[in-house]
Amino acid sequence: MARLTEENVRLAREIIGRYPKARSATIPLLHLAQEQDGYVTNEAMSHIGELVGASSAEVFGTASFYEMFKFEPVGKYLINICGTMSCALMGAEELMHHAEERLGIKMGSTTADGKFTLERAECQAACTEAPCLQVNYRYRYRVTPDQLDTLIDDLSAGTLSSEIPAHGVVASVRQHIPADRGVGAVAPETVTENPVWLDGKAAL
Amino acid sequence: MTTIDTTDTNDLPPQDPNAVSITINGRTVAARKGDLIIAAADSVDEYIPRFCYHPRMSSVGMCRQCMVEVEGPRGPMMVVSCMTPVADGQIVRTDTPQVKRAQEGMIELLLANHPLDCPVCDKGGECPLQDQAFSHGAGESRFVEEKRHYEKPIAISELVFLDRERCILCDRCTRFADEVAGDPLISFTQRGNNTQVMTFPDEPFASYFSGNTVQICPVGALTASPYRFKARPWDLEQRESTCTTCSVGCRTVVQSSRDELLRYQGVDSDPVNWGWLCDKGRFNFQSINSDDRLSTPQIKSGDTYAAASWSDALESVARVIRHSREGSVAILGGARGTNEDAFMWGALADAVGVTMRDAQLDDGLPESVFSYAQATIDSACAGGTVILLAPDLKEELPVLYLRLRDAVQKKKIRLIEISSHETGLTKYAWKSIRAESGTAAGVIPMLLAQADVSAQLSSGPVVIVAGRPNLAESASHTMDALSAVLAVAPSASVLPVLRRGNVRGALSLGLAPRNGNDAAAILEASAKGNVDCLILLGADPLSDVADIDLARRGIAGAKFVVAIDTFLTASASHADVVLPAAAYGEKDGTTMNLEGRVTSVVQKITPHGTSRADWMIAVELLTLLGHESNFTTLSDIQDAMSAAVPGFGTTTTAVAIKRDGVVVSVAPPSSAPAATSVAGPRNSYEFRLDLSRKLFDRAIGTITSPSLANLATEANVFIHPLDLDRVGAAEGTNVRVTNSHSSIVLPVRASSSVPRGTAWVPFNQIGADVRELIRRNESIIDVRIESM
Ligand code: SF4
Ligand code: SF4
Ligand code: FES
Ligand code: FES
């Protein structure tokens, strides 16, 4: 899709200002891009590179380290069903089959209308509440097939939109930090290339 | 006068405050504070296995292969020797069972993910992984599972292939691209078991230095298209030599098999290239193997050439020289040959009274640039300020760009750049100002008078890098700019960056113009019918002289043209006699780089066809012209050269030249100082033409190297985005570029690297030839640009 919008470029500059080095803002900016388009586009990565002074390849290298950045379009709602031990024992497989049937797609794919993507996830650290899933990283615990149906209905009807924003939105409230309180106020020449603990020392 | 720079001095200061003494396997080793254990061990040939460590790059500790034991307060501990500095009294062991276990374990882990397809891998036989698996591995693997698989090699650029299965993630290629080349176009992507080196989608690893990653990859993950599947390392023979593609003079090894050049590899010469090469210098060996090379002498009869014997061809040349009017023989070129070639041609010129000679083609600077205090690459990079009055070094002298960039990155020097458009070094410059062509000398006094600039200049040594930035601007403007800087910083030294491989050697050893009769004057004389015999010694004025009209008139006006070249170039095809010349790699000798550093170049293969070294041709002609000549071998010439040119002393004899060569200073005959030119103000409707070179163009050595031939781009005219609006043309559409001499049509591109009012056209690319607009008697060229 696209580079960052004008409004997002303004936000991006504010975010960059919080860090002593522009590059440190790479990940927050990737979230911004994912919020804008629902996934991280190549154009957005190049644009972020320009903003933080990195090459597109470096931005891509950083972004692709993280599972939660998507480089291809995903549905408005990304449903991650946990398939690790506790959840598996408590019926995750059945839940996945049910989800596949209900949405008419396989795990790992997206519905034709672009609404839902199904993914199998590793342990989501909610083993006591197995089987669990996340919609756009918002938890649902001890999910039964019926509850999953209701969830999908609600999502389709838009009744949950205040609680679960579209994929890519990290938080519904955006933090603003006044420029004078950003670390960016540090003089750039006092910032060293290596972490402080590495300067002139060895990493044993 | 002559000075020989000897870098070997035995008198170390008595007490080095940074001296550290450590013990490695019981041996006492002298090191310096900050040295890494692995480097200290290397200095006494205690080999510690390694993959990611590279002495010319920062340590990253990626591979953990270099673990050693260091005696600590609580007994021996394992440390990564490429990340651990030495400390006084440190006790290091590299051969204990613990160390061995660690080394074997690392190898086993690396091999678990490695395809072991050595029999079909280019690296097999010279592979650090293969070698160290034998020397430091357990010999057995416990890994029985299926290995990971990736699509076999994928092209990450026009030149480089990546086989991800073989990659051991040492971070050498990615570190090189970022740290050394400044082109971070490859990066680790993904994570864990899926980690792989990759470019950004659809953005290839188009770095001018990409070949170095292939050389330093410790496995066969990166391969270069010109060498893939061409030979096995054990079939290669090699000799150490010097690249003469440009005047940096990078040290190389020339490798061949069955009398065919197959590869050049960089060799680490501390004062010059640090092991790096640019892709043009690395891969243009292909042109030497080209089928289009000239292989026999040819004599023109009518419109066609007939193959001739050497004796007939040489006799016809000698006859023409004999019958030429006094002072009507001219020699152009020589900068592509060796010192010995230049010396012999200079001797021939002296013997027959040739007053017209020039090793440059009106595209460099007058030789008076050698008469200032001279700098070296090392002295420029050592500290202080470097002032660039030069072309884009990344494009023209790539490894010099690497050295200067490195010095800036390490905060050793500050760059001040005065240029007519942004260059590869602009983003590393402390100050970079745009001065329209013809105006640099005028802005320099103001720039250098600024308080911070003058404080910077007085804080340390100043080196001026001087070359010809714009072929559409007279050299006198650069010389004026140079004088303007020297007026402010009189103790500054100068690093002349004339571009052709051995231009400094040729100018210093007999092919410098006499009495101001430079290439332009020679061509002008020829155009007037005053040249009876024009000898093109590896020179192609029709392709290289900026004033193409002058070149055409000059070639056409010569009564007889002799071309001594490796290819039938544009100019050679106008010659009456064409003599095939032995190319680089086909003859021994010495060369001189831009610093005046003399190093050896070597013969590795038999000359193509019946081609001969330039010096042999000169010797033959000398004899045919009735001059006594006792030159039969190269060393005869070297002896004569040492005697005739005191600066050389014994440096040219093969034994005396070690890897790093010797810097000599031989002043070429002083030329009349160039007349200063004053560039009139530009009419505000016009653009000032800026014609400069890119690394890859249609130069003969590039287009005859198949792997480089496609890297030249379409000719374009680049103007500032606001100027594009003003002209009213859309990006990429054709515009008419016009002045009173001619008019050409080129696609126009917007570029913010170009200041307003400047029209930048890269030289010699595919498309219309902007040289039609250039006349050298105008010191700058203004043009109009109109949309069509
Ligand atoms: S491709 Fe070669 S140099 Fe690059 S990380 Fe892999 S093994 Fe190292
Ligand atoms: S920088 Fe010049 S000398 Fe060095 S490899 Fe490239 S062309 Fe050859
Ligand atoms: S196993 Fe599903 S949340 Fe831990
Ligand atoms: S060589 Fe030391 S960790 Fe790789």
# chains A, B, ... in the order shown; residues from 1 in each chain; ligands from 1
>>> interface_residues(of="chain B", to="chain A", cutoff="9 Å", atoms="only C-alpha atoms", output="VMD selection string")
chain B and resid 34 61 78 to 80 82 to 85 183 to 192 195 197 to 201 203
>>> residues_near_ligand(ligand="ligand 4", cutoff="6 Å", atoms="only C-alpha atoms and all ligand atoms", output="list in words")
Arg50, Phe51, Cys52, Tyr53, Gly61, Met62, Cys63, Arg64, Gln65, Cys66, Val80, Ser81 and Cys82 of chain B
>>> write_last_selection(atoms="N, CA, C and O atoms", output="compact mmCIF listing (two decimals), in the first residue's frame")
# COMPACT_ATOMS: atom_id res chain seq x y z
N ARG B 50 38.70 -19.51 13.60
CA ARG B 50 37.74 -18.41 13.63
C ARG B 50 36.93 -18.41 12.34
O ARG B 50 37.38 -18.91 11.31
N PHE B 51 35.77 -17.83 12.40
CA PHE B 51 34.96 -17.60 11.20
C PHE B 51 34.57 -16.15 11.06
O PHE B 51 34.65 -15.58 10.00
N CYS B 52 34.11 -15.55 12.15
CA CYS B 52 33.54 -14.21 11.99
C CYS B 52 34.60 -13.12 12.14
O CYS B 52 34.46 -12.04 11.59
N TYR B 53 35.67 -13.39 12.87
CA TYR B 53 36.70 -12.37 13.09
C TYR B 53 37.35 -11.98 11.77
O TYR B 53 37.72 -12.84 10.97
N GLY B 61 31.88 -11.41 17.68
CA GLY B 61 31.68 -12.61 18.49
C GLY B 61 30.50 -13.46 18.05
O GLY B 61 29.78 -14.01 18.87
N MET B 62 30.29 -13.55 16.75
CA MET B 62 29.11 -14.26 16.24
C MET B 62 29.27 -15.77 16.29
O MET B 62 28.30 -16.47 16.52
N CYS B 63 30.47 -16.28 16.00
CA CYS B 63 30.55 -17.71 15.70
C CYS B 63 31.02 -18.55 16.88
O CYS B 63 30.82 -19.74 16.89
N ARG B 64 31.63 -17.95 17.84
CA ARG B 64 32.14 -18.62 19.06
C ARG B 64 33.16 -19.71 18.75
O ARG B 64 33.35 -20.61 19.54
N GLN B 65 33.77 -19.64 17.59
CA GLN B 65 34.75 -20.68 17.25
C GLN B 65 36.11 -20.38 17.88
O GLN B 65 36.95 -21.26 17.98
N CYS B 66 36.32 -19.16 18.33
CA CYS B 66 37.67 -18.75 18.70
C CYS B 66 37.88 -18.80 20.22
O CYS B 66 38.72 -18.08 20.75
N VAL B 80 35.97 -15.60 24.48
CA VAL B 80 35.98 -15.49 23.02
C VAL B 80 37.17 -14.61 22.66
O VAL B 80 37.20 -13.43 23.00
N SER B 81 38.15 -15.16 21.99
CA SER B 81 39.40 -14.42 21.85
C SER B 81 39.29 -13.26 20.87
O SER B 81 40.14 -12.39 20.85
N CYS B 82 38.24 -13.22 20.05
CA CYS B 82 38.12 -12.09 19.13
C CYS B 82 37.38 -10.92 19.76
O CYS B 82 37.19 -9.89 19.12
>>> residues_near_ligand(ligand="ligand 1", cutoff="7 Å", atoms="only C-alpha atoms and all ligand atoms", output="PyMOL selection string")
chain B and resi 162+166-174+197+213+216-222
>>> closest_residue(among="A:Gly168, A:Gly38, A:Gly53, A:Gly75", to="Thr111 of chain A", atoms="only C-alpha atoms")
A:Gly75
>>> residues_around(residues="Ile105 of chain A", least_positions_apart="3", cutoff="12 Å", atoms="only C-alpha atoms", output="ChimeraX atom specification")
/A:96-102,108-119
>>> select_by_dssp(residues="segment 316-523 of chain B", states="strand (DSSP E)", output="VMD selection string")
chain B and resid 329 to 333 356 to 358 384 to 389 413 to 419 431 to 434 462 to 466 493 to 496
>>> residues_around(residues="Val598 of chain B", least_positions_apart="2", cutoff="9 Å", atoms="only C-alpha atoms", output="PyMOL selection string")
chain B and resi 339+505+590-593+595-596+600+648+651-652+657+660-664
>>> residues_near_ligand(ligand="ligand 3", cutoff="12 Å", atoms="only C-alpha atoms and all ligand atoms", output="PyMOL selection string")
chain A and resi 80-93+120-134+139-143
>>> residues_near_ligand(ligand="ligand 2", cutoff="6 Å", atoms="only C-alpha atoms and all ligand atoms", output="tab-separated table (two decimals) with N, CA, C and O atoms, in the first residue's frame")
chain	number	residue	atom	x	y	z
B	243	CYS	N	46.30	-3.81	-9.05
B	243	CYS	CA	45.25	-3.43	-9.99
B	243	CYS	C	45.60	-2.10	-10.62
B	243	CYS	O	45.97	-1.15	-9.93
B	244	THR	N	45.50	-2.02	-11.94
B	244	THR	CA	45.79	-0.75	-12.59
B	244	THR	C	44.56	-0.20	-13.31
B	244	THR	O	44.67	0.58	-14.25
B	245	THR	N	43.39	-0.66	-12.87
B	245	THR	CA	42.18	-0.12	-13.48
B	245	THR	C	42.01	1.35	-13.14
B	245	THR	O	41.60	2.15	-13.97
B	246	CYS	N	42.30	1.71	-11.90
B	246	CYS	CA	42.36	3.13	-11.59
B	246	CYS	C	43.65	3.37	-10.82
B	246	CYS	O	44.41	2.44	-10.55
B	247	SER	N	43.88	4.59	-10.43
B	247	SER	CA	45.19	4.90	-9.87
B	247	SER	C	45.31	4.67	-8.37
B	247	SER	O	46.33	5.01	-7.78
B	248	VAL	N	44.30	4.06	-7.74
B	248	VAL	CA	44.48	3.71	-6.33
B	248	VAL	C	45.58	2.65	-6.21
B	248	VAL	O	46.40	2.68	-5.30
B	249	GLY	N	45.58	1.72	-7.17
B	249	GLY	CA	46.63	0.70	-7.17
B	249	GLY	C	46.44	-0.33	-6.08
B	249	GLY	O	47.34	-0.62	-5.29
B	250	CYS	N	45.24	-0.93	-6.02
B	250	CYS	CA	44.97	-1.94	-5.00
B	250	CYS	C	45.81	-3.17	-5.26
B	250	CYS	O	46.01	-3.58	-6.40
B	277	LEU	N	38.80	-4.59	-2.83
B	277	LEU	CA	38.82	-4.19	-4.24
B	277	LEU	C	37.43	-3.67	-4.59
B	277	LEU	O	36.46	-4.02	-3.93
B	278	CYS	N	37.35	-2.87	-5.62
B	278	CYS	CA	36.02	-2.51	-6.11
B	278	CYS	C	35.61	-3.55	-7.15
B	278	CYS	O	36.44	-4.30	-7.66
B	280	LYS	N	34.65	-3.25	-10.18
B	280	LYS	CA	35.20	-3.06	-11.53
B	280	LYS	C	36.60	-3.64	-11.60
B	280	LYS	O	36.92	-4.41	-12.50
B	281	GLY	N	37.43	-3.30	-10.62
B	281	GLY	CA	38.79	-3.83	-10.61
B	281	GLY	C	38.81	-5.34	-10.42
B	281	GLY	O	39.68	-6.03	-10.93
B	282	ARG	N	37.84	-5.87	-9.70
B	282	ARG	CA	37.84	-7.30	-9.39
B	282	ARG	C	37.38	-8.14	-10.58
B	282	ARG	O	37.89	-9.22	-10.82
B	397	LEU	N	37.49	6.48	-7.83
B	397	LEU	CA	38.63	5.86	-7.15
B	397	LEU	C	38.07	5.14	-5.92
B	397	LEU	O	38.29	5.56	-4.78
B	398	PRO	N	37.33	4.07	-6.17
B	398	PRO	CA	36.46	3.53	-5.13
B	398	PRO	C	37.16	3.16	-3.82
B	398	PRO	O	36.60	3.39	-2.75
B	399	VAL	N	38.32	2.57	-3.91
B	399	VAL	CA	38.92	2.12	-2.65
B	399	VAL	C	39.50	3.31	-1.87
B	399	VAL	O	39.55	3.28	-0.63
>>> atom_distance(atom1="atom CA of Ser474 of chain B", atom2="atom CA of Ser677 of chain B")
7.9 Å
>>> atom_distance(atom1="atom CA of Val253 of chain B", atom2="atom CA of Ala224 of chain B")
16.4 Å
>>> atom_distance(atom1="atom CA of Glu7 of chain A", atom2="atom CA of Val40 of chain A")
16.9 Å
>>> select_by_dssp(residues="segment 123-182 of chain A", states="helix (DSSP H, G or I)", output="list of chain:residue names")
A:Cys127, A:Thr128, A:Glu129, A:Pro145, A:Asp146, A:Gln147, A:Leu148, A:Asp149, A:Thr150, A:Leu151, A:Ile152, A:Asp153, A:Asp154, A:Leu155, A:Ser156, A:Ala157, A:Ala179, A:Asp180, A:Arg181
>>> residues_around(residues="segment 467-469 of chain B", least_positions_apart="5", cutoff="8 Å", atoms="only C-alpha atoms", output="short mmCIF file (atom, residue, chain, number, x, y, z; two decimals) with N, CA, C and O atoms, in the first residue's frame")
data_model
loop_
_atom_site.label_atom_id
_atom_site.label_comp_id
_atom_site.auth_asym_id
_atom_site.auth_seq_id
_atom_site.Cartn_x
_atom_site.Cartn_y
_atom_site.Cartn_z
N ASP B 363 41.74 15.29 -19.74
CA ASP B 363 40.68 15.01 -18.77
C ASP B 363 41.23 14.92 -17.35
O ASP B 363 40.58 14.41 -16.45
N GLY B 364 42.47 15.40 -17.17
CA GLY B 364 43.05 15.35 -15.83
C GLY B 364 43.42 16.75 -15.38
O GLY B 364 42.69 17.71 -15.62
N LEU B 365 44.55 16.85 -14.71
CA LEU B 365 45.06 18.14 -14.26
C LEU B 365 46.47 18.30 -14.79
O LEU B 365 47.14 17.31 -15.08
N LEU B 389 38.61 18.59 -3.51
CA LEU B 389 38.38 19.37 -4.74
C LEU B 389 38.47 18.33 -5.84
O LEU B 389 39.36 18.34 -6.67
N ALA B 390 37.58 17.37 -5.80
CA ALA B 390 37.82 16.16 -6.56
C ALA B 390 36.52 15.65 -7.15
O ALA B 390 35.44 16.04 -6.74
N PRO B 391 36.64 14.73 -8.09
CA PRO B 391 35.44 14.07 -8.58
C PRO B 391 34.85 13.18 -7.49
O PRO B 391 35.44 13.04 -6.42
N ASP B 392 33.74 12.58 -7.76
CA ASP B 392 33.12 11.67 -6.80
C ASP B 392 34.03 10.45 -6.64
O ASP B 392 34.11 9.60 -7.52
N SER B 419 31.96 20.82 -4.06
CA SER B 419 31.67 20.08 -5.28
C SER B 419 30.44 20.66 -5.97
O SER B 419 29.68 21.41 -5.36
N ALA B 475 40.35 22.47 -16.53
CA ALA B 475 41.19 22.07 -15.40
C ALA B 475 41.69 23.29 -14.63
O ALA B 475 41.99 23.21 -13.45
N THR B 478 40.00 23.99 -11.38
CA THR B 478 40.42 23.18 -10.24
C THR B 478 41.76 23.67 -9.71
O THR B 478 41.97 23.75 -8.49
N PRO B 496 47.04 14.06 -5.41
CA PRO B 496 46.45 14.23 -6.75
C PRO B 496 45.68 12.97 -7.13
O PRO B 496 46.22 11.87 -7.03
N VAL B 497 44.45 13.13 -7.53
CA VAL B 497 43.66 11.94 -7.88
C VAL B 497 43.36 11.90 -9.38
O VAL B 497 42.23 11.92 -9.79
N LEU B 498 44.44 11.86 -10.14
CA LEU B 498 44.27 11.60 -11.57
C LEU B 498 43.89 10.14 -11.67
O LEU B 498 44.32 9.32 -10.88
N SER B 692 30.49 14.11 -15.29
CA SER B 692 31.44 13.37 -14.48
C SER B 692 31.21 11.88 -14.61
O SER B 692 30.18 11.44 -15.09
#
>>> closest_residue(among="A:Arg181, A:Glu43, A:Thr26, A:Leu32", to="Asp202 of chain B", atoms="only C-alpha atoms")
A:Glu43
>>> residues_around(residues="Asp37 of chain A", least_positions_apart="6", cutoff="12 Å", atoms="only C-alpha atoms", output="PDB file with C-alpha atoms, in the first residue's frame")
ATOM      1  CA  MET A   1       0.000   0.000   0.000  1.00  0.00           C
ATOM      2  CA  ALA A   2       1.637   3.081   1.067  1.00  0.00           C
ATOM      3  CA  ARG A   3       4.178   5.166   2.789  1.00  0.00           C
ATOM      4  CA  LEU A   4       3.272   6.776   6.096  1.00  0.00           C
ATOM      5  CA  THR A   5       0.562   9.409   5.865  1.00  0.00           C
ATOM      6  CA  ASN A   8       1.718   9.568  10.786  1.00  0.00           C
ATOM      7  CA  LEU A  30       6.862  -0.303  12.409  1.00  0.00           C
ATOM      8  CA  HIS A  31       3.860  -0.527  14.733  1.00  0.00           C
ATOM      9  CA  GLU A  43       6.923   1.261   0.999  1.00  0.00           C
ATOM     10  CA  ALA A  44       6.404   1.935   4.694  1.00  0.00           C
ATOM     11  CA  MET A  45       9.650   0.136   5.560  1.00  0.00           C
ATOM     12  CA  PHE A  69       4.883  -7.724  12.145  1.00  0.00           C
ATOM     13  CA  LYS A  70       3.107  -8.988   9.059  1.00  0.00           C
ATOM     14  CA  PHE A  71       4.434  -8.340   5.575  1.00  0.00           C
ATOM     15  CA  GLU A  72       1.366  -9.454   3.719  1.00  0.00           C
ATOM     16  CA  PRO A  73      -2.210  -8.322   4.203  1.00  0.00           C
ATOM     17  CA  VAL A  74      -3.975 -10.021   7.122  1.00  0.00           C
ATOM     18  CA  GLY A  75      -7.623  -9.858   8.073  1.00  0.00           C
ATOM     19  CA  LYS A  76      -9.048  -7.078  10.156  1.00  0.00           C
ATOM     20  CA  ALA A 166      -8.499  -3.507  13.818  1.00  0.00           C
ATOM     21  CA  HIS A 167      -5.287  -5.486  13.392  1.00  0.00           C
ATOM     22  CA  GLY A 168      -2.241  -3.304  13.843  1.00  0.00           C
ATOM     23  CA  VAL A 169      -3.655  -0.974  16.468  1.00  0.00           C
TER      24      VAL A 169
END
>>> residues_around(residues="Ser172 of chain A", least_positions_apart="3", cutoff="10 Å", atoms="only C-alpha atoms", output="ChimeraX atom specification")
/A:162-165,169,175
>>> closest_residue(among="A:Tyr77, A:Ile15, A:Gln36, A:Leu151", to="Val52 of chain A", atoms="only C-alpha atoms")
A:Ile15
>>> closest_residue(among="A:Ile152, A:Val170, A:Met107, A:Leu29", to="Glu50 of chain A", atoms="only C-alpha atoms")
A:Leu29
